[in-house]
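Chemist: Below you'll find final.txt; it's compact mmCIF, C-alpha atoms and all ligand atoms.
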```txt
# COMPACT_ATOMS: atom_id res chain seq x y z
CA MET K 1 3.86 31.88 7.00
CA PRO K 2 4.20 35.59 8.03
CA LEU K 3 3.13 38.42 5.72
CA THR K 4 5.69 38.81 2.96
CA SER K 5 6.95 41.66 0.79
CA THR K 6 6.29 42.19 -2.89
CA ARG K 7 10.01 42.46 -3.64
CA GLU K 8 10.83 38.81 -4.24
CA MET K 9 7.31 38.13 -5.53
CA PHE K 10 7.76 40.69 -8.32
CA GLU K 11 11.28 39.52 -9.16
CA MET K 12 9.94 36.02 -9.73
CA ALA K 13 6.88 37.26 -11.63
CA TYR K 14 9.01 39.47 -13.88
CA ARG K 15 11.39 36.63 -14.70
CA GLY K 16 8.52 34.18 -15.20
CA GLY K 17 6.42 36.50 -17.36
CA TYR K 18 3.35 36.25 -15.14
CA ALA K 19 1.53 38.66 -12.83
CA VAL K 20 0.44 38.36 -9.22
CA GLY K 21 -3.22 39.08 -8.54
CA ALA K 22 -3.98 41.95 -6.16
CA PHE K 23 -7.50 41.69 -4.84
CA ASN K 24 -9.38 44.33 -2.82
CA VAL K 25 -10.76 43.24 0.54
CA ASN K 26 -13.57 44.76 2.59
CA ASN K 27 -14.94 42.01 4.83
CA MET K 28 -14.43 38.45 6.08
CA GLU K 29 -16.19 36.60 3.27
CA ILE K 30 -14.24 38.45 0.59
CA ILE K 31 -10.93 37.71 2.31
CA GLN K 32 -11.85 34.05 2.81
CA GLY K 33 -12.96 33.54 -0.80
CA ILE K 34 -9.76 35.07 -2.19
CA VAL K 35 -7.43 33.24 0.18
CA GLU K 36 -9.14 29.87 -0.36
CA ALA K 37 -8.65 30.30 -4.11
CA ALA K 38 -4.98 31.30 -3.90
CA ASP K 39 -4.27 28.51 -1.43
CA ALA K 40 -5.96 25.94 -3.66
CA GLU K 41 -4.00 27.18 -6.69
CA ARG K 42 -0.69 27.47 -4.79
CA SER K 43 -0.42 31.09 -5.84
CA PRO K 44 1.32 34.10 -4.27
CA LEU K 45 -1.28 36.68 -3.24
CA ILE K 46 -1.66 40.40 -2.64
CA LEU K 47 -4.57 41.47 -0.44
CA GLN K 48 -5.16 45.19 -0.81
CA VAL K 49 -7.03 47.64 1.33
CA SER K 50 -8.31 51.01 0.11
CA ALA K 51 -9.01 54.07 2.25
CA GLY K 52 -12.70 53.30 1.69
CA ALA K 53 -12.21 49.74 2.98
CA ARG K 54 -10.47 51.06 6.09
CA LYS K 55 -13.36 53.43 6.72
CA TYR K 56 -15.95 50.70 6.10
CA ALA K 57 -14.47 47.85 8.11
CA ASN K 58 -12.23 49.61 10.65
CA PRO K 59 -8.47 49.18 10.04
CA VAL K 60 -8.05 46.98 13.14
CA TYR K 61 -10.72 44.52 11.96
CA LEU K 62 -9.19 44.30 8.51
CA ARG K 63 -5.70 43.75 9.85
CA LYS K 64 -6.88 41.04 12.24
CA LEU K 65 -8.88 39.31 9.49
CA VAL K 66 -5.80 39.31 7.26
CA GLU K 67 -3.74 37.98 10.18
CA ALA K 68 -6.23 35.11 10.47
CA ALA K 69 -5.89 34.46 6.74
CA VAL K 70 -2.10 34.40 7.01
CA GLU K 71 -2.30 31.99 9.94
CA THR K 72 -4.54 29.53 8.13
CA ALA K 73 -3.09 29.74 4.61
CA THR K 74 0.11 28.17 3.32
CA ILE K 75 0.98 30.67 0.59
CA PRO K 76 2.94 33.96 0.67
CA ILE K 77 0.53 36.86 1.30
CA VAL K 78 1.26 40.60 1.01
CA LEU K 79 -0.88 43.21 2.78
CA HIS K 80 -0.92 46.29 0.57
CA LEU K 81 -2.42 49.78 0.82
CA ASP K 82 -4.35 50.55 -2.38
CA HIS K 83 -4.44 54.18 -3.61
CA GLY K 84 -2.99 55.84 -0.53
CA GLU K 85 -3.48 59.54 -1.16
CA THR K 86 -1.40 61.10 1.58
CA PHE K 87 1.86 60.56 3.43
CA GLU K 88 -0.19 60.13 6.64
CA ILE K 89 -2.24 57.16 5.43
CA ALA K 90 0.87 55.45 4.00
CA LYS K 91 2.71 56.01 7.31
CA SER K 92 -0.23 54.70 9.33
CA CYS K 93 -0.32 51.50 7.23
CA ILE K 94 3.44 51.00 7.40
CA ASP K 95 3.37 51.52 11.17
CA GLY K 96 0.43 49.10 11.37
CA GLY K 97 2.27 46.23 9.69
CA PHE K 98 1.39 46.52 5.98
CA THR K 99 4.13 44.94 3.88
CA SER K 100 3.58 47.15 0.83
CA VAL K 101 1.98 50.56 0.22
CA MET K 102 0.79 52.54 -2.76
CA ILE K 103 1.11 56.30 -2.80
CA ASP K 104 -1.14 57.62 -5.52
CA GLY K 105 -0.07 61.12 -6.45
CA SER K 106 -1.46 60.80 -9.96
CA LYS K 107 -3.95 63.63 -9.46
CA HIS K 108 -1.09 66.05 -8.75
CA PRO K 109 1.17 67.78 -11.25
CA PHE K 110 4.35 65.79 -12.05
CA GLU K 111 6.65 67.64 -9.60
CA GLU K 112 4.22 67.31 -6.69
CA ASN K 113 3.71 63.62 -7.49
CA VAL K 114 7.51 63.18 -7.39
CA ARG K 115 7.78 65.05 -4.07
CA LEU K 116 4.96 63.13 -2.36
CA THR K 117 6.10 59.75 -3.67
CA LYS K 118 9.69 60.41 -2.57
CA GLU K 119 8.53 61.39 0.91
CA VAL K 120 6.71 58.04 1.26
CA VAL K 121 9.62 56.09 -0.29
CA VAL K 122 12.08 57.49 2.27
CA TYR K 123 9.81 56.54 5.19
CA ALA K 124 8.85 53.15 3.76
CA HIS K 125 12.32 52.03 2.70
CA ALA K 126 13.76 52.86 6.11
CA ARG K 127 11.31 50.23 7.40
CA GLY K 128 11.82 47.71 4.62
CA VAL K 129 8.48 48.37 2.91
CA PRO K 130 8.28 48.66 -0.91
CA VAL K 131 6.28 51.45 -2.53
CA GLU K 132 3.99 51.42 -5.58
CA ALA K 133 3.42 54.79 -7.24
CA GLU K 134 1.18 55.95 -10.09
CA LEU K 135 1.89 58.15 -13.06
CA GLY K 136 -0.79 59.08 -15.58
CA LYS K 137 -4.51 59.15 -14.83
CA LEU K 138 -7.05 56.36 -15.12
CA ALA K 139 -10.57 57.43 -16.01
CA GLY K 140 -13.23 56.40 -13.52
CA ILE K 141 -13.68 56.67 -9.82
CA GLU K 142 -11.17 55.71 -7.16
CA ASP K 143 -12.50 56.36 -3.68
CA ALA K 144 -11.65 60.06 -3.49
CA ILE K 145 -9.65 60.39 -6.67
CA LYS K 146 -11.93 61.20 -9.56
CA SER K 147 -10.86 61.67 -13.14
CA LYS K 148 -13.26 62.02 -16.07
CA GLU K 149 -10.69 61.46 -18.77
CA SER K 150 -7.66 59.23 -18.69
CA VAL K 151 -4.21 60.68 -19.29
CA PHE K 152 -1.95 57.95 -20.59
CA THR K 153 1.48 57.55 -19.00
CA ASP K 154 4.30 59.21 -20.92
CA PRO K 155 7.23 56.73 -21.25
CA ASP K 156 9.97 59.39 -20.84
CA GLU K 157 8.26 60.79 -17.77
CA ALA K 158 7.91 57.27 -16.36
CA VAL K 159 11.68 56.74 -16.56
CA GLU K 160 12.40 60.11 -14.94
CA PHE K 161 9.74 59.48 -12.27
CA VAL K 162 11.12 56.09 -11.27
CA LYS K 163 14.69 57.42 -11.16
CA ARG K 164 13.82 60.47 -9.07
CA THR K 165 11.42 58.82 -6.60
CA GLY K 166 13.08 55.43 -6.07
CA CYS K 167 9.63 53.78 -6.11
CA ASP K 168 9.60 49.99 -6.39
CA SER K 169 6.74 49.55 -8.87
CA LEU K 170 4.69 51.86 -11.05
CA ALA K 171 1.00 51.86 -11.95
CA VAL K 172 0.60 53.03 -15.52
CA SER K 173 -2.35 54.35 -17.48
CA VAL K 174 -2.74 52.62 -20.84
CA GLY K 175 -6.51 52.52 -21.26
CA THR K 176 -7.85 50.63 -18.26
CA SER K 177 -10.17 52.32 -15.78
CA HIS K 178 -11.83 51.48 -12.49
CA GLY K 179 -15.34 50.13 -12.21
CA ALA K 180 -17.77 48.21 -14.42
CA TYR K 181 -17.95 50.59 -17.41
CA LYS K 182 -14.49 50.66 -18.90
CA PHE K 183 -15.25 50.97 -22.60
CA LYS K 184 -18.09 52.45 -24.64
CA GLY K 185 -17.09 50.75 -27.90
CA GLU K 186 -14.55 48.02 -28.65
CA PRO K 187 -12.31 47.43 -25.63
CA THR K 188 -8.66 48.21 -26.41
CA LEU K 189 -5.52 49.05 -24.48
CA ASP K 190 -2.48 50.96 -25.70
CA MET K 191 -0.25 47.86 -25.71
CA GLU K 192 2.42 49.67 -27.73
CA ARG K 193 2.76 52.28 -25.01
CA LEU K 194 2.93 49.55 -22.39
CA GLU K 195 5.65 47.76 -24.32
CA THR K 196 7.63 51.00 -24.73
CA ILE K 197 7.44 51.81 -21.01
CA SER K 198 8.44 48.25 -20.16
CA LYS K 199 11.41 48.31 -22.54
CA MET K 200 12.57 51.68 -21.18
CA LEU K 201 12.42 50.33 -17.61
CA PRO K 202 13.97 46.86 -17.98
CA GLY K 203 13.47 44.61 -14.96
CA PHE K 204 11.13 47.11 -13.34
CA PRO K 205 7.68 45.87 -12.21
CA LEU K 206 4.67 47.66 -13.70
CA VAL K 207 1.16 47.57 -12.26
CA LEU K 208 -2.19 47.45 -14.02
CA HIS K 209 -5.11 49.00 -12.16
CA GLY K 210 -8.68 48.77 -13.38
CA ALA K 211 -8.00 45.29 -14.73
CA SER K 212 -11.30 43.55 -14.05
CA SER K 213 -12.75 41.82 -17.05
CA VAL K 214 -16.34 42.51 -15.85
CA LEU K 215 -17.15 38.86 -16.48
CA PRO K 216 -20.23 38.76 -18.74
CA HIS K 217 -21.80 35.76 -16.98
CA LEU K 218 -21.74 37.68 -13.67
CA VAL K 219 -23.29 40.79 -15.22
CA GLU K 220 -25.95 38.59 -16.83
CA GLU K 221 -26.71 36.82 -13.57
CA ALA K 222 -26.93 40.11 -11.65
CA ASN K 223 -29.19 41.66 -14.30
CA LYS K 224 -31.38 38.54 -14.41
CA TYR K 225 -32.10 38.98 -10.71
CA GLY K 226 -32.88 42.67 -10.80
CA ALA K 227 -29.58 44.54 -11.14
CA LYS K 228 -29.33 47.41 -13.61
CA LEU K 229 -25.91 47.18 -15.20
CA PRO K 230 -26.55 47.91 -18.87
CA GLY K 231 -23.47 48.11 -21.05
CA ALA K 232 -21.02 47.03 -18.33
CA LYS K 233 -17.74 46.12 -20.05
CA GLY K 234 -14.25 45.20 -18.84
CA VAL K 235 -10.75 44.47 -20.08
CA PRO K 236 -10.53 41.40 -22.35
CA GLU K 237 -8.61 38.68 -20.57
CA ASP K 238 -6.19 38.05 -23.43
CA LEU K 239 -4.94 41.65 -23.05
CA ILE K 240 -4.23 41.04 -19.37
CA ARG K 241 -2.31 37.89 -20.35
CA LYS K 242 -0.25 39.89 -22.86
CA ALA K 243 0.38 42.66 -20.31
CA ALA K 244 1.66 40.08 -17.82
CA ALA K 245 4.31 39.09 -20.34
CA MET K 246 5.30 42.76 -20.77
CA GLY K 247 6.59 43.59 -17.30
CA VAL K 248 3.22 43.91 -15.57
CA CYS K 249 3.80 42.06 -12.29
CA LYS K 250 0.67 43.12 -10.40
CA VAL K 251 -2.90 43.07 -11.73
CA ASN K 252 -5.61 44.76 -9.64
CA VAL K 253 -9.09 43.31 -9.40
CA ASP K 254 -11.99 44.58 -7.33
CA THR K 255 -15.01 45.04 -9.62
CA ASP K 256 -15.16 41.35 -10.60
CA LEU K 257 -15.33 40.42 -6.91
CA ARG K 258 -18.11 42.93 -6.31
CA LEU K 259 -20.05 41.52 -9.26
CA ALA K 260 -19.60 37.92 -8.09
CA MET K 261 -20.83 38.78 -4.62
CA THR K 262 -23.77 40.91 -5.75
CA ALA K 263 -24.96 38.52 -8.48
CA THR K 264 -24.89 35.60 -6.06
CA ILE K 265 -26.68 37.39 -3.24
CA ARG K 266 -29.33 38.62 -5.68
CA ARG K 267 -29.85 35.10 -7.00
CA VAL K 268 -30.18 33.48 -3.58
CA MET K 269 -32.54 36.22 -2.38
CA ALA K 270 -34.71 35.81 -5.47
CA GLU K 271 -34.72 32.02 -5.42
CA SER K 272 -35.22 31.63 -1.67
CA PRO K 273 -37.33 34.58 -0.51
CA ALA K 274 -38.13 32.85 2.78
CA GLU K 275 -34.43 32.68 3.70
CA PHE K 276 -33.17 35.19 6.23
CA ASP K 277 -30.01 33.57 7.61
CA PRO K 278 -27.13 35.74 6.26
CA ARG K 279 -24.91 32.66 6.06
CA LYS K 280 -27.23 31.29 3.39
CA TYR K 281 -26.36 34.11 0.99
CA LEU K 282 -22.92 35.19 2.22
CA GLY K 283 -21.66 31.59 2.03
CA PRO K 284 -22.54 31.19 -1.68
CA ALA K 285 -21.19 34.73 -2.30
CA ARG K 286 -17.87 33.65 -0.76
CA ASP K 287 -17.87 30.54 -2.99
CA ALA K 288 -18.50 32.72 -6.06
CA ILE K 289 -15.58 34.99 -5.16
CA ARG K 290 -13.37 31.92 -4.74
CA GLU K 291 -14.27 30.67 -8.22
CA VAL K 292 -13.63 34.07 -9.86
CA VAL K 293 -10.24 34.37 -8.16
CA ARG K 294 -9.29 30.79 -9.10
CA HIS K 295 -10.11 31.58 -12.71
CA LYS K 296 -8.04 34.79 -12.68
CA ILE K 297 -5.05 33.14 -11.06
CA LYS K 298 -5.09 30.08 -13.28
CA ASP K 299 -6.31 31.30 -16.65
CA VAL K 300 -5.46 35.02 -16.76
CA MET K 301 -2.52 36.03 -14.57
CA GLY K 302 -0.54 32.83 -14.80
CA CYS K 303 0.47 32.78 -11.11
CA ALA K 304 -1.02 29.37 -10.25
CA GLY K 305 1.63 27.00 -8.88
CA LYS K 306 4.13 29.85 -8.29
CA ALA K 307 3.85 29.93 -4.48
O1 LIG E 1 -9.43 51.53 -6.91
C1 LIG E 1 -10.53 51.29 -6.51
C2 LIG E 1 -10.83 50.02 -5.81
O2 LIG E 1 -11.84 49.33 -6.50
C3 LIG E 1 -11.24 50.32 -4.40
O3 LIG E 1 -12.48 50.92 -4.38
O4 LIG E 1 -12.07 52.95 -3.02
O5 LIG E 1 -14.40 52.06 -3.37
O6 LIG E 1 -12.78 50.85 -1.90
P1 LIG E 1 -12.96 51.75 -3.08
P1 LIG E 2 -11.29 47.21 -11.16
O1 LIG E 2 -12.33 48.25 -10.88
O2 LIG E 2 -11.13 47.00 -12.62
O3 LIG E 2 -11.55 45.92 -10.45
O4 LIG E 2 -9.88 47.78 -10.62
C1 LIG E 2 -9.55 47.67 -9.26
C2 LIG E 2 -8.33 48.48 -8.92
O5 LIG E 2 -7.59 48.95 -9.75
C3 LIG E 2 -8.05 48.66 -7.48
O6 LIG E 2 -6.98 49.51 -7.27
ZN ZN E 3 -6.78 51.06 -8.69
```
Let's see the structure in the file written out as structure tokens.

Modeler:
Amino acid sequence: MPLTSTREMFEMAYRGGYAVGAFNVNNMEIIQGIVEAADAERSPLILQVSAGARKYANPVYLRKLVEAAVETATIPIVLHLDHGETFEIAKSCIDGGFTSVMIDGSKHPFEENVRLTKEVVVYAHARGVPVEAELGKLAGIEDAIKSKESVFTDPDEAVEFVKRTGCDSLAVSVGTSHGAYKFKGEPTLDMERLETISKMLPGFPLVLHGASSVLPHLVEEANKYGAKLPGAKGVPEDLIRKAAAMGVCKVNVDTDLRLAMTATIRRVMAESPAEFDPRKYLGPARDAIREVVRHKIKDVMGCAGKA
């Protein structure tokens, strides 16, 4: 099956009240673990690539690895640019065969975000590629976009932004953040705000970034084998489930994959110190990623069996 677009995927997700998982990819084992899980669960899938991933792996390698995944899998797969910061990176991904791009102008003032997003939308739509945009700021660190405090998305601005830019989906800020330390106290999201935005944009797909649940058993395993991740905390999974029923059609997960990989490699290294064949720790790390993604797809996002 060739790479597909998010358009039909989101229409189905919106109608069905579920979300499609968007997982960040950086190397072969991560791609394989994610794709094996989605294939096994008969789930649509979004593989997303950040600017940092492109720098790390080389864009050609990543594209070819995703091509290999598409050739061997039997589910619809989207190749998406995550947090594109400039027109140039969005253009380069569109020209290189990505079937979806994000332009993240959230660090800019409203008018500049509108201008930049519109510029990408015009280029992308002329080539049949849908565009995700972002309004409001998530706290935490995105590759080059740093924000100490979150600025929640204003519902009126969201409506105006979507109308003026023509973007196809919108990432909103309602209390999630990137990374492993999302909450100091009780984890909560502004579900009322999410519901309001969703009601004011009927039929329009919303996106939740920073949606890892920072699975406690993975943090525990990593810490047991020498990691230092005190107080790591993520988004409770029942809130993700609720968000998926409120117009959130795409749920982004990277941190949980990083934790699965790191915890597993640490464990194997500690338990088998004489081992020096990378396949002996990267293989189990790939298996751990597969199990995390299966769990997300089946138990959290609700997209199992929707391929
Ligand atoms: O949004 C952040 C994603 O986790 C990607 O992270 O920019 O370090 O590749 P990265
Ligand atoms: P997490 O850090 O919660 O996995 O979020 C990933 C993300 O939003 C990628 O764009
Ligand atoms: Zn993000």

Chemist: Have a look at K:Asp82, K:Glu132, K:Glu29, K:Asp154 and name the one nearest to ligand LIG 2 (chain E); count all atoms listed in the file.

Modeler: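 The answer is K:Asp82, which sits nearest to ligand LIG 2 (chain E).
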
Chemist: Please provide the set of residues having any atom within 6 Å of region 174-184 of chain K, restricted to only C-alpha atoms, with same-chain residues fewer than 3 positions apart removed, written as an MDAnalysis selection string.

Modeler: chainID K and resid 138:140 152 187 189:190 210 232:234 255

Chemist: Of the residues K:Asn58, K:Asn24, K:Ser106, K:Thr74, which is the one nearest to ligand LIG 2 (chain E), using all atoms listed in the file?

Modeler: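 Among the listed residues, the smallest separation from ligand LIG 2 (chain E) belongs to K:Asn24.
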
Chemist: Using only C-alpha atoms and all ligand atoms, which of the listed residues (K:His217, K:Lys55, K:Arg241, K:Lys298) sits closest to ligand LIG 1 (chain E)?

Modeler: K:Lys55

Chemist: When you draw a straight line from CA of Gly21 (chain K) to CA of Val251 (chain K), how long is it in Å?

Modeler: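 Atom-to-atom, CA of Gly21 (chain K) and CA of Val251 (chain K) are spaced 5.1 Å apart.
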
Chemist: Name all residues at most 12 Å from Pro202 (chain K) (count all atoms listed in the file; drop same-chain ones fewer than 2 positions away) and give them as a ChimeraX atom specification.

Modeler: /K:11,14-15,159,162,169,195-200,204-206,246-248

Chemist: Sorted by chain and rising residue number, list the residues of chain K at most 12 Å from ligand ZN 3 (chain E) (counting all atoms listed in the file), each with its closest atom pair and distance in Å to one decimal, as JSON lines.

Modeler:
```
{"residue": "K:Ala22", "atom": "CA", "partner": "E:ZN3", "partner_atom": "ZN", "distance": 9.9}
{"residue": "K:Phe23", "atom": "CA", "partner": "E:ZN3", "partner_atom": "ZN", "distance": 10.2}
{"residue": "K:Asn24", "atom": "CA", "partner": "E:ZN3", "partner_atom": "ZN", "distance": 9.3}
{"residue": "K:Gln48", "atom": "CA", "partner": "E:ZN3", "partner_atom": "ZN", "distance": 10.0}
{"residue": "K:Val49", "atom": "CA", "partner": "E:ZN3", "partner_atom": "ZN", "distance": 10.6}
{"residue": "K:Ser50", "atom": "CA", "partner": "E:ZN3", "partner_atom": "ZN", "distance": 8.9}
{"residue": "K:Ala51", "atom": "CA", "partner": "E:ZN3", "partner_atom": "ZN", "distance": 11.6}
{"residue": "K:His80", "atom": "CA", "partner": "E:ZN3", "partner_atom": "ZN", "distance": 12.0}
{"residue": "K:Leu81", "atom": "CA", "partner": "E:ZN3", "partner_atom": "ZN", "distance": 10.5}
{"residue": "K:Asp82", "atom": "CA", "partner": "E:ZN3", "partner_atom": "ZN", "distance": 6.8}
{"residue": "K:His83", "atom": "CA", "partner": "E:ZN3", "partner_atom": "ZN", "distance": 6.4}
{"residue": "K:Gly84", "atom": "CA", "partner": "E:ZN3", "partner_atom": "ZN", "distance": 10.2}
{"residue": "K:Glu85", "atom": "CA", "partner": "E:ZN3", "partner_atom": "ZN", "distance": 11.8}
{"residue": "K:Met102", "atom": "CA", "partner": "E:ZN3", "partner_atom": "ZN", "distance": 9.7}
{"residue": "K:Ile103", "atom": "CA", "partner": "E:ZN3", "partner_atom": "ZN", "distance": 11.2}
{"residue": "K:Asp104", "atom": "CA", "partner": "E:ZN3", "partner_atom": "ZN", "distance": 9.2}
{"residue": "K:Ser106", "atom": "CA", "partner": "E:ZN3", "partner_atom": "ZN", "distance": 11.2}
{"residue": "K:Glu132", "atom": "CA", "partner": "E:ZN3", "partner_atom": "ZN", "distance": 11.2}
{"residue": "K:Ala133", "atom": "CA", "partner": "E:ZN3", "partner_atom": "ZN", "distance": 11.0}
{"residue": "K:Glu134", "atom": "CA", "partner": "E:ZN3", "partner_atom": "ZN", "distance": 9.4}
{"residue": "K:Lys137", "atom": "CA", "partner": "E:ZN3", "partner_atom": "ZN", "distance": 10.4}
{"residue": "K:Leu138", "atom": "CA", "partner": "E:ZN3", "partner_atom": "ZN", "distance": 8.3}
{"residue": "K:Ala139", "atom": "CA", "partner": "E:ZN3", "partner_atom": "ZN", "distance": 10.4}
{"residue": "K:Gly140", "atom": "CA", "partner": "E:ZN3", "partner_atom": "ZN", "distance": 9.7}
{"residue": "K:Ile141", "atom": "CA", "partner": "E:ZN3", "partner_atom": "ZN", "distance": 9.0}
{"residue": "K:Glu142", "atom": "CA", "partner": "E:ZN3", "partner_atom": "ZN", "distance": 6.6}
{"residue": "K:Asp143", "atom": "CA", "partner": "E:ZN3", "partner_atom": "ZN", "distance": 9.3}
{"residue": "K:Ala144", "atom": "CA", "partner": "E:ZN3", "partner_atom": "ZN", "distance": 11.5}
{"residue": "K:Ile145", "atom": "CA", "partner": "E:ZN3", "partner_atom": "ZN", "distance": 10.0}
{"residue": "K:Lys146", "atom": "CA", "partner": "E:ZN3", "partner_atom": "ZN", "distance": 11.4}
{"residue": "K:Leu170", "atom": "CA", "partner": "E:ZN3", "partner_atom": "ZN", "distance": 11.7}
{"residue": "K:Ala171", "atom": "CA", "partner": "E:ZN3", "partner_atom": "ZN", "distance": 8.5}
{"residue": "K:Val172", "atom": "CA", "partner": "E:ZN3", "partner_atom": "ZN", "distance": 10.2}
{"residue": "K:Ser173", "atom": "CA", "partner": "E:ZN3", "partner_atom": "ZN", "distance": 10.4}
{"residue": "K:Thr176", "atom": "CA", "partner": "E:ZN3", "partner_atom": "ZN", "distance": 9.6}
{"residue": "K:Ser177", "atom": "CA", "partner": "E:ZN3", "partner_atom": "ZN", "distance": 8.0}
{"residue": "K:His178", "atom": "CA", "partner": "E:ZN3", "partner_atom": "ZN", "distance": 6.3}
{"residue": "K:Gly179", "atom": "CA", "partner": "E:ZN3", "partner_atom": "ZN", "distance": 9.3}
{"residue": "K:Val207", "atom": "CA", "partner": "E:ZN3", "partner_atom": "ZN", "distance": 9.4}
{"residue": "K:Leu208", "atom": "CA", "partner": "E:ZN3", "partner_atom": "ZN", "distance": 7.9}
{"residue": "K:His209", "atom": "CA", "partner": "E:ZN3", "partner_atom": "ZN", "distance": 4.4}
{"residue": "K:Gly210", "atom": "CA", "partner": "E:ZN3", "partner_atom": "ZN", "distance": 5.6}
{"residue": "K:Ala211", "atom": "CA", "partner": "E:ZN3", "partner_atom": "ZN", "distance": 8.4}
{"residue": "K:Ser212", "atom": "CA", "partner": "E:ZN3", "partner_atom": "ZN", "distance": 10.3}
{"residue": "K:Lys250", "atom": "CA", "partner": "E:ZN3", "partner_atom": "ZN", "distance": 11.0}
{"residue": "K:Val251", "atom": "CA", "partner": "E:ZN3", "partner_atom": "ZN", "distance": 9.4}
{"residue": "K:Asn252", "atom": "CA", "partner": "E:ZN3", "partner_atom": "ZN", "distance": 6.5}
{"residue": "K:Val253", "atom": "CA", "partner": "E:ZN3", "partner_atom": "ZN", "distance": 8.1}
{"residue": "K:Asp254", "atom": "CA", "partner": "E:ZN3", "partner_atom": "ZN", "distance": 8.4}
{"residue": "K:Thr255", "atom": "CA", "partner": "E:ZN3", "partner_atom": "ZN", "distance": 10.2}
```

Chemist: Go through K:Leu3, K:Ile34, K:Val268, K:Leu257 one by one, measure the shortest atom-to-atom distance of each to ligand LIG 2 (chain E) using only C-alpha atoms and all ligand atoms, and give the residue with the smallest value.

Modeler: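 So, comparing all the options, the nearest one is K:Leu257.
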
Chemist: Find the distance between CA of Gly105 (chain K) and CA of Thr188 (chain K) and write it in Å to one decimal.

Modeler: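 It comes out at 25.3 Å.
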
Chemist: Select all residues near (2.0, 46.0, 10.6) (cut-off 12 Å, inclusive, file coordinates), counting all atoms listed in the file, and output them as a PyMOL selection string.

Modeler: chain K and resi 2-5+59-60+62-64+66-67+78-81+90-101+127-129

Chemist: Skipping near chain neighbours, those fewer than 4 positions away, what residues fall within 8 Å of Val20 (chain K) using only C-alpha atoms, listed as a PDB file with C-alpha atoms, in the frame of the given file?

Modeler:
```
ATOM      1  CA  MET K   9       7.310  38.130  -5.530  1.00  0.00           C
ATOM      2  CA  PHE K  10       7.760  40.690  -8.320  1.00  0.00           C
ATOM      3  CA  ALA K  13       6.880  37.260 -11.630  1.00  0.00           C
ATOM      4  CA  PRO K  44       1.320  34.100  -4.270  1.00  0.00           C
ATOM      5  CA  LEU K  45      -1.280  36.680  -3.240  1.00  0.00           C
ATOM      6  CA  ILE K  46      -1.660  40.400  -2.640  1.00  0.00           C
ATOM      7  CA  CYS K 249       3.800  42.060 -12.290  1.00  0.00           C
ATOM      8  CA  LYS K 250       0.670  43.120 -10.400  1.00  0.00           C
ATOM      9  CA  VAL K 251      -2.900  43.070 -11.730  1.00  0.00           C
ATOM     10  CA  ILE K 297      -5.050  33.140 -11.060  1.00  0.00           C
ATOM     11  CA  MET K 301      -2.520  36.030 -14.570  1.00  0.00           C
ATOM     12  CA  GLY K 302      -0.540  32.830 -14.800  1.00  0.00           C
ATOM     13  CA  CYS K 303       0.470  32.780 -11.110  1.00  0.00           C
TER      14      CYS K 303
END
```

Chemist: Restricting the calculation to only C-alpha atoms and all ligand atoms, which member of K:Ala288, K:Leu65, K:Leu47, K:Ala227 is positioned closest to ligand LIG 2 (chain E)?

Modeler: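 The shortest atom-to-atom distance to ligand LIG 2 (chain E) comes from K:Leu47.
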
Chemist: What is the CA of Arg286 (chain K)-CA of Arg266 (chain K) distance in Å, reported with one decimal?

Modeler: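 CA of Arg266 (chain K) lies 13.4 Å from CA of Arg286 (chain K).
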